[in-house]
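**Q** target.cif is reproduced in full below (mmCIF, C-alpha atoms).
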data_query
#
loop_
_atom_site.group_PDB
_atom_site.id
_atom_site.type_symbol
_atom_site.label_atom_id
_atom_site.label_comp_id
_atom_site.auth_asym_id
_atom_site.auth_seq_id
_atom_site.Cartn_x
_atom_site.Cartn_y
_atom_site.Cartn_z
ATOM 1 C CA MET A 8 -49.204 -43.459 -17.244
ATOM 2 C CA SER A 9 -49.605 -44.816 -20.751
ATOM 3 C CA ASP A 10 -46.849 -47.334 -19.963
ATOM 4 C CA THR A 11 -49.167 -49.269 -17.623
ATOM 5 C CA ARG A 12 -50.367 -51.219 -20.663
ATOM 6 C CA THR A 13 -46.942 -52.499 -21.585
ATOM 7 C CA HIS A 14 -46.908 -54.720 -18.471
ATOM 8 C CA LYS A 15 -43.144 -54.670 -18.229
ATOM 9 C CA ALA A 16 -41.387 -56.666 -15.543
ATOM 10 C CA ARG A 17 -41.096 -54.666 -12.341
ATOM 11 C CA ASP A 18 -39.369 -55.186 -9.070
ATOM 12 C CA ILE A 19 -42.130 -55.828 -6.558
ATOM 13 C CA PHE A 20 -39.790 -56.129 -3.580
ATOM 14 C CA VAL A 21 -39.230 -53.469 -0.963
ATOM 15 C CA GLU A 22 -36.830 -53.697 1.953
ATOM 16 C CA GLY A 23 -38.656 -53.781 5.287
ATOM 17 C CA PRO A 24 -42.321 -52.974 5.944
ATOM 18 C CA ILE A 25 -44.602 -51.114 3.545
ATOM 19 C CA ASP A 26 -45.255 -47.629 4.891
ATOM 20 C CA PRO A 27 -49.023 -46.943 5.230
ATOM 21 C CA ALA A 28 -48.294 -43.460 3.833
ATOM 22 C CA PHE A 29 -47.058 -45.142 0.629
ATOM 23 C CA VAL A 30 -50.564 -46.574 0.156
ATOM 24 C CA GLY A 31 -52.024 -43.060 0.288
ATOM 25 C CA THR A 32 -49.409 -41.753 -2.137
ATOM 26 C CA SER A 33 -50.169 -44.637 -4.505
ATOM 27 C CA ILE A 34 -53.865 -43.691 -4.540
ATOM 28 C CA ALA A 35 -53.066 -40.012 -5.093
ATOM 29 C CA LYS A 36 -50.908 -40.838 -8.139
ATOM 30 C CA HIS A 37 -54.025 -42.023 -9.968
ATOM 31 C CA ALA A 38 -55.898 -38.695 -9.671
ATOM 32 C CA THR A 39 -55.040 -37.762 -13.267
ATOM 33 C CA ARG A 40 -56.457 -41.047 -14.587
ATOM 34 C CA THR A 41 -60.076 -39.959 -14.888
ATOM 35 C CA ASP A 42 -61.031 -43.124 -16.786
ATOM 36 C CA ILE A 43 -60.656 -45.003 -13.486
ATOM 37 C CA GLY A 44 -63.857 -45.522 -11.499
ATOM 38 C CA ALA A 45 -62.675 -47.999 -8.860
ATOM 39 C CA HIS A 46 -59.576 -48.862 -6.860
ATOM 40 C CA GLU A 47 -59.334 -52.102 -4.931
ATOM 41 C CA ILE A 48 -56.481 -52.599 -2.460
ATOM 42 C CA PHE A 49 -55.401 -55.663 -0.513
ATOM 43 C CA LEU A 50 -52.956 -55.101 2.335
ATOM 44 C CA GLY A 51 -51.280 -57.979 4.133
ATOM 45 C CA GLN A 52 -50.258 -57.342 7.735
ATOM 46 C CA VAL A 53 -48.039 -59.529 9.922
ATOM 47 C CA ARG A 54 -50.255 -61.227 12.501
ATOM 48 C CA ALA A 55 -48.995 -62.058 16.005
ATOM 49 C CA ASP A 56 -50.161 -65.686 15.948
ATOM 50 C CA THR A 57 -49.607 -67.652 19.131
ATOM 51 C CA VAL A 58 -47.527 -70.740 18.417
ATOM 52 C CA ALA A 59 -47.719 -73.770 20.675
ATOM 53 C CA GLY A 60 -44.835 -76.206 21.085
ATOM 54 C CA THR A 61 -43.015 -78.210 23.699
ATOM 55 C CA ASP A 62 -39.768 -76.369 23.001
ATOM 56 C CA ARG A 63 -41.118 -72.891 23.605
ATOM 57 C CA LEU A 64 -42.628 -70.747 26.311
ATOM 58 C CA PRO A 65 -46.420 -70.850 26.681
ATOM 59 C CA GLY A 66 -48.083 -68.007 24.810
ATOM 60 C CA ALA A 67 -45.101 -67.317 22.553
ATOM 61 C CA GLY A 68 -46.348 -65.350 19.564
ATOM 62 C CA VAL A 69 -45.016 -64.188 16.218
ATOM 63 C CA ALA A 70 -43.015 -61.020 16.829
ATOM 64 C CA ALA A 71 -41.797 -60.553 13.245
ATOM 65 C CA ILE A 72 -41.378 -62.289 9.907
ATOM 66 C CA GLU A 73 -38.084 -62.190 8.060
ATOM 67 C CA TYR A 74 -38.826 -62.543 4.356
ATOM 68 C CA THR A 75 -36.418 -63.840 1.728
ATOM 69 C CA ALA A 76 -37.126 -64.672 -1.900
ATOM 70 C CA TYR A 77 -35.748 -66.352 -4.966
ATOM 71 C CA ARG A 78 -35.916 -62.962 -6.604
ATOM 72 C CA ASP A 79 -35.373 -63.821 -10.293
ATOM 73 C CA MET A 80 -37.952 -66.602 -10.287
ATOM 74 C CA ALA A 81 -40.426 -64.515 -8.260
ATOM 75 C CA LEU A 82 -40.221 -61.627 -10.716
ATOM 76 C CA GLU A 83 -40.626 -63.972 -13.696
ATOM 77 C CA ARG A 84 -43.697 -65.569 -12.098
ATOM 78 C CA MET A 85 -45.073 -62.125 -11.258
ATOM 79 C CA THR A 86 -44.757 -61.041 -14.900
ATOM 80 C CA VAL A 87 -46.792 -64.079 -15.976
ATOM 81 C CA ILE A 88 -49.455 -63.415 -13.313
ATOM 82 C CA ARG A 89 -49.625 -59.741 -14.333
ATOM 83 C CA GLU A 90 -50.068 -60.647 -18.028
ATOM 84 C CA ASP A 91 -52.743 -63.202 -17.137
ATOM 85 C CA ALA A 92 -54.599 -60.659 -14.993
ATOM 86 C CA PHE A 93 -54.649 -58.001 -17.716
ATOM 87 C CA ALA A 94 -55.882 -60.614 -20.219
ATOM 88 C CA LYS A 95 -58.603 -61.791 -17.827
ATOM 89 C CA TRP A 96 -59.795 -58.282 -16.848
ATOM 90 C CA PRO A 97 -59.292 -56.025 -19.901
ATOM 91 C CA THR A 98 -60.962 -53.072 -18.145
ATOM 92 C CA MET A 99 -58.277 -53.080 -15.461
ATOM 93 C CA THR A 100 -56.067 -50.035 -16.049
ATOM 94 C CA CYS A 101 -53.307 -50.542 -13.454
ATOM 95 C CA LEU A 102 -51.971 -53.266 -11.216
ATOM 96 C CA HIS A 103 -49.369 -52.480 -8.573
ATOM 97 C CA VAL A 104 -47.797 -55.157 -6.397
ATOM 98 C CA HIS A 105 -45.345 -54.681 -3.535
ATOM 99 C CA HIS A 106 -43.970 -57.294 -1.144
ATOM 100 C CA SER A 107 -41.536 -56.886 1.724
ATOM 101 C CA LEU A 108 -38.144 -58.524 2.092
ATOM 102 C CA GLY A 109 -36.229 -58.503 5.352
ATOM 103 C CA THR A 110 -37.834 -57.994 8.733
ATOM 104 C CA VAL A 111 -41.464 -56.945 9.158
ATOM 105 C CA LYS A 112 -42.770 -56.749 12.722
ATOM 106 C CA ALA A 113 -46.243 -57.867 13.846
ATOM 107 C CA GLY A 114 -48.706 -55.120 13.005
ATOM 108 C CA GLU A 115 -46.700 -53.837 10.046
ATOM 109 C CA LEU A 116 -47.655 -54.199 6.377
ATOM 110 C CA CYS A 117 -45.815 -56.753 4.230
ATOM 111 C CA PHE A 118 -47.890 -57.025 1.046
ATOM 112 C CA MET A 119 -49.922 -54.733 -1.179
ATOM 113 C CA VAL A 120 -51.923 -55.510 -4.298
ATOM 114 C CA PHE A 121 -53.600 -52.469 -5.823
ATOM 115 C CA ALA A 122 -55.772 -52.674 -8.942
ATOM 116 C CA SER A 123 -57.642 -49.894 -10.675
ATOM 117 C CA ALA A 124 -60.375 -50.301 -13.285
ATOM 118 C CA SER A 125 -63.228 -48.435 -14.884
ATOM 119 C CA HIS A 126 -65.683 -50.319 -12.650
ATOM 120 C CA ARG A 127 -65.453 -52.040 -9.287
ATOM 121 C CA LYS A 128 -66.174 -55.627 -10.338
ATOM 122 C CA SER A 129 -62.974 -56.066 -12.368
ATOM 123 C CA ALA A 130 -60.797 -54.404 -9.728
ATOM 124 C CA ARG A 131 -62.261 -56.524 -6.924
ATOM 125 C CA GLU A 132 -62.019 -59.821 -8.768
ATOM 126 C CA ALA A 133 -58.522 -59.117 -10.063
ATOM 127 C CA VAL A 134 -57.093 -58.267 -6.639
ATOM 128 C CA ALA A 135 -58.506 -61.400 -4.983
ATOM 129 C CA TRP A 136 -57.205 -63.566 -7.830
ATOM 130 C CA VAL A 137 -53.756 -61.945 -7.973
ATOM 131 C CA VAL A 138 -53.308 -62.208 -4.168
ATOM 132 C CA ASP A 139 -54.106 -65.932 -4.262
ATOM 133 C CA ARG A 140 -51.760 -66.594 -7.172
ATOM 134 C CA ILE A 141 -48.891 -64.675 -5.580
ATOM 135 C CA LYS A 142 -49.261 -66.593 -2.328
ATOM 136 C CA ALA A 143 -49.272 -69.917 -4.191
ATOM 137 C CA GLU A 144 -46.677 -69.299 -6.905
ATOM 138 C CA LEU A 145 -44.022 -66.805 -5.843
ATOM 139 C CA PRO A 146 -40.954 -68.307 -4.153
ATOM 140 C CA ILE A 147 -41.044 -66.109 -1.069
ATOM 141 C CA PHE A 148 -40.011 -67.573 2.283
ATOM 142 C CA GLY A 149 -40.846 -66.385 5.782
ATOM 143 C CA LYS A 150 -38.986 -67.057 8.997
ATOM 144 C CA GLU A 151 -41.298 -66.248 11.890
ATOM 145 C CA THR A 152 -39.400 -64.998 14.914
ATOM 146 C CA LEU A 153 -41.345 -65.670 18.096
ATOM 147 C CA SER A 154 -41.466 -63.569 21.235
ATOM 148 C CA ASP A 155 -39.362 -66.196 23.084
ATOM 149 C CA ALA A 156 -36.575 -65.826 20.450
ATOM 150 C CA THR A 157 -37.230 -69.235 18.842
ATOM 151 C CA HIS A 158 -38.367 -69.363 15.221
ATOM 152 C CA ILE A 159 -40.497 -71.389 12.840
ATOM 153 C CA TRP A 160 -40.873 -71.305 9.058
ATOM 154 C CA LYS A 161 -44.126 -69.950 7.652
ATOM 155 C CA SER A 162 -45.907 -72.045 5.039
ATOM 156 C CA ASN A 163 -48.921 -70.910 3.026
ATOM 157 C CA PRO A 164 -51.823 -73.392 3.039
ATOM 158 C CA MET B 19 -23.160 -77.183 -10.721
ATOM 159 C CA ARG B 20 -24.171 -74.670 -8.090
ATOM 160 C CA VAL B 21 -27.490 -75.297 -6.393
ATOM 161 C CA LYS B 22 -29.281 -72.435 -4.667
ATOM 162 C CA LEU B 23 -30.958 -73.162 -1.354
ATOM 163 C CA PHE B 24 -33.633 -71.093 0.342
ATOM 164 C CA GLY B 25 -35.439 -70.731 3.648
ATOM 165 C CA MET B 26 -35.477 -73.732 5.962
ATOM 166 C CA ILE B 27 -33.507 -75.831 3.439
ATOM 167 C CA ALA B 28 -30.643 -73.305 3.490
ATOM 168 C CA GLU B 29 -30.876 -73.256 7.276
ATOM 169 C CA LYS B 30 -30.621 -77.071 7.487
ATOM 170 C CA ALA B 31 -27.731 -77.161 5.004
ATOM 171 C CA GLY B 32 -25.970 -74.293 6.766
ATOM 172 C CA SER B 33 -25.437 -72.607 3.396
ATOM 173 C CA ALA B 34 -27.371 -70.758 0.685
ATOM 174 C CA GLU B 35 -25.539 -72.637 -2.048
ATOM 175 C CA LEU B 36 -24.089 -76.125 -2.638
ATOM 176 C CA GLU B 37 -21.689 -77.330 -5.291
ATOM 177 C CA MET B 38 -23.072 -80.606 -6.699
ATOM 178 C CA GLU B 39 -22.317 -83.060 -9.479
ATOM 179 C CA ALA B 40 -25.319 -84.684 -11.185
ATOM 180 C CA SER B 41 -26.415 -85.613 -14.691
ATOM 181 C CA SER B 42 -30.110 -85.905 -13.875
ATOM 182 C CA LEU B 43 -32.629 -84.377 -11.530
ATOM 183 C CA LYS B 44 -33.066 -87.762 -9.848
ATOM 184 C CA GLY B 45 -29.320 -87.976 -9.264
ATOM 185 C CA LEU B 46 -29.282 -84.454 -7.930
ATOM 186 C CA CYS B 47 -32.037 -85.285 -5.413
ATOM 187 C CA GLU B 48 -30.055 -88.312 -4.213
ATOM 188 C CA GLY B 49 -27.004 -86.093 -3.781
ATOM 189 C CA LEU B 50 -29.020 -83.503 -1.891
ATOM 190 C CA ARG B 51 -30.363 -86.182 0.466
ATOM 191 C CA ALA B 52 -26.805 -87.210 1.233
ATOM 192 C CA ARG B 53 -25.706 -83.624 1.856
ATOM 193 C CA ILE B 54 -28.714 -82.245 3.747
ATOM 194 C CA ARG B 55 -29.746 -84.154 6.820
ATOM 195 C CA ASP B 56 -33.519 -84.651 7.229
ATOM 196 C CA LEU B 57 -34.229 -83.338 3.726
ATOM 197 C CA ASP B 58 -36.988 -85.904 3.310
ATOM 198 C CA SER B 59 -38.720 -84.671 6.457
ATOM 199 C CA MET B 60 -39.200 -81.321 4.718
ATOM 200 C CA SER B 61 -41.481 -80.443 1.869
ATOM 201 C CA PHE B 62 -39.559 -78.999 -1.081
ATOM 202 C CA ALA B 63 -39.678 -78.399 -4.834
ATOM 203 C CA ILE B 64 -36.860 -78.150 -7.356
ATOM 204 C CA ALA B 65 -36.749 -75.294 -9.852
ATOM 205 C CA VAL B 66 -34.711 -75.678 -13.044
ATOM 206 C CA ASP B 67 -34.115 -72.383 -14.823
ATOM 207 C CA ARG B 68 -36.674 -70.773 -12.529
ATOM 208 C CA ARG B 69 -39.484 -73.231 -13.270
ATOM 209 C CA ILE B 70 -40.660 -75.954 -10.923
ATOM 210 C CA VAL B 71 -39.925 -79.380 -12.376
ATOM 211 C CA LYS B 72 -41.633 -82.534 -11.115
ATOM 212 C CA ASP B 73 -40.408 -85.222 -13.526
ATOM 213 C CA ASP B 74 -36.856 -86.470 -13.947
ATOM 214 C CA LEU B 75 -34.726 -84.450 -16.341
ATOM 215 C CA THR B 76 -31.261 -84.686 -17.892
ATOM 216 C CA LEU B 77 -28.981 -81.964 -16.566
ATOM 217 C CA THR B 78 -26.065 -80.523 -18.542
ATOM 218 C CA GLY B 79 -24.602 -78.520 -15.693
ATOM 219 C CA THR B 80 -25.518 -75.145 -17.220
ATOM 220 C CA GLU B 81 -28.958 -74.968 -15.626
ATOM 221 C CA GLU B 82 -29.891 -72.673 -12.763
ATOM 222 C CA ILE B 83 -31.069 -75.027 -10.029
ATOM 223 C CA ALA B 84 -32.819 -74.107 -6.795
ATOM 224 C CA VAL B 85 -34.294 -76.084 -3.920
ATOM 225 C CA LEU B 86 -37.439 -74.373 -2.667
ATOM 226 C CA PRO B 87 -39.196 -74.983 0.648
ATOM 227 C CA PRO B 88 -42.927 -74.134 0.983
ATOM 228 C CA PHE B 89 -43.846 -70.637 -0.154
ATOM 229 C CA ALA B 90 -44.865 -68.078 2.452
ATOM 230 C CA GLY B 91 -45.568 -64.860 0.570
ATOM 231 C CA GLY B 92 -48.244 -62.496 1.817
#
Spit out the file's structure as structure tokens when you get a sec.
**A**
Amino acid sequence: MSDTRTHKARDIFVEGPIDPAFVGTSIAKHATRTDIGAHEIFLGQVRADTVAGTDRLPGAGVAAIEYTAYRDMALERMTVIREDAFAKWPTMTCLHVHHSLGTVKAGELCFMVFASASHRKSAREAVAWVVDRIKAELPIFGKETLSDATHIWKSNP
Amino acid sequence: MRVKLFGMIAEKAGSAELEMEASSLKGLCEGLRARIRDLDSMSFAIAVDRRIVKDDLTLTGTEEIAVLPPFAGG
């Protein structure tokens, strides 16, 4: 895994939900990297928020999110964020990011940020920082389909 | 020039792309307002060559332009 230091542009997008088994496989792939002392993983899951509105049934909740993205811009922004993160936390050895496109149902995983470092502090700080930057800067759009078949557009605060 | 539309903006316009004529970003925004009903009721940003641009800019017609509604990653 010597190429992890080249920080080349990677496709972060996966079609549909992120399989929880993929998270386990991702951890296992680092077993040969004995310079790593800490992994930190953030997993985003689609939440079945209840959405009020005069035009929908009472108690209608988010059943799924359909994600789309401006892929080229998102990957360019992600490369910048990745470079910034490696500059900010030089002891971080790997950073893996995956985000869903297409439909992800409530309860399924849509987002993973996985950082490894020699010690826990760098990995923890880097993941929190990278998650926030991705949510603020990557042109990813989410159409929330509600249980009454209406929809609204998700917007990060 | 072709303008890419995403999310709720594409939904409102009924298309993921619009063919527009404009020599400045300001002119482009005026054109978009005329083409997309209720555009001003939505929050959006314009990306030129995959970077968000806030100030007016001269356009040559070769730029990659996109209209971006609020981000919702994660």
**Q** Up to 8 Å from chain A, what residues of chain B turn up? Count only C-alpha atoms and give them as a PyMOL selection string.
**A** chain B and resi 24-26+68-69+86-92
**Q** Counting only C-alpha atoms, which of B:Asp56, B:Asp74, B:Glu81, B:Ser42 gets nearest to Glu29 in chain B?
**A**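 So, comparing all the options, the nearest one is B:Asp56.
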**Q** Report, in Å to a single decimal, how far apart CA of Lys22 in chain B and CA of Leu77 in chain B are.
**A** 15.2 Å
**Q** Do you know which residues are at most 10 Å from Ala40 in chain B counting only C-alpha atoms, after dropping those on the same chain fewer than 6 positions away, and could you put them as a JSON list (two decimals) with C-alpha atoms, in the coordinates of the input?
**A**
[["chain", "number", "residue", "atom", "x", "y", "z"],
["B", 19, "MET", "CA", -23.16, -77.18, -10.72],
["B", 46, "LEU", "CA", -29.28, -84.45, -7.93],
["B", 47, "CYS", "CA", -32.04, -85.28, -5.41],
["B", 48, "GLU", "CA", -30.06, -88.31, -4.21],
["B", 49, "GLY", "CA", -27.00, -86.09, -3.78],
["B", 76, "THR", "CA", -31.26, -84.69, -17.89],
["B", 77, "LEU", "CA", -28.98, -81.96, -16.57],
["B", 78, "THR", "CA", -26.06, -80.52, -18.54],
["B", 79, "GLY", "CA", -24.60, -78.52, -15.69]]
**Q** Looking at all atoms listed in the file, which of B:Val85, B:Thr80, B:Val21, B:Leu36 is the one that sits closest to Leu57 in chain B?
**A**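 Among the listed residues, B:Val85 lies closest to Leu57 in chain B.
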**Q** Could you list, as a ChimeraX atom specification, every residue within 12 Å of range 31-33 of chain A, counting all atoms listed in the file and ignoring same-chain residues fewer than 2 positions away?
**A** /A:25-29,35-38,46-48,101-105,119-123
**Q** Please list as JSON, numbers by chain every residue within 9 Å of Asp42 in chain A, counting all atoms listed in the file and excluding residues in the same chain fewer than 3 positions away.
**A** {"A": [39, 100, 124, 125]}
**Q** Residues near Ala65 in chain B, anyone? I mean within 6 Å using only C-alpha atoms, not counting same-chain ones fewer than 4 positions away, as a PyMOL selection string.
**A** chain B and resi 69-71+83-84
**Q** Work out how far apart CA of Arg20 in chain B and CA of Glu35 in chain B are and give it in Å to one decimal.
**A**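 Computed distance, CA of Arg20 in chain B to CA of Glu35 in chain B, equals 6.5 Å.
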**Q** One decimal, in Å: what's the spacing between CA of Gly68 in chain A and CA of Val111 in chain A?
**A**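 Here the two named atoms are 14.2 Å from each other.
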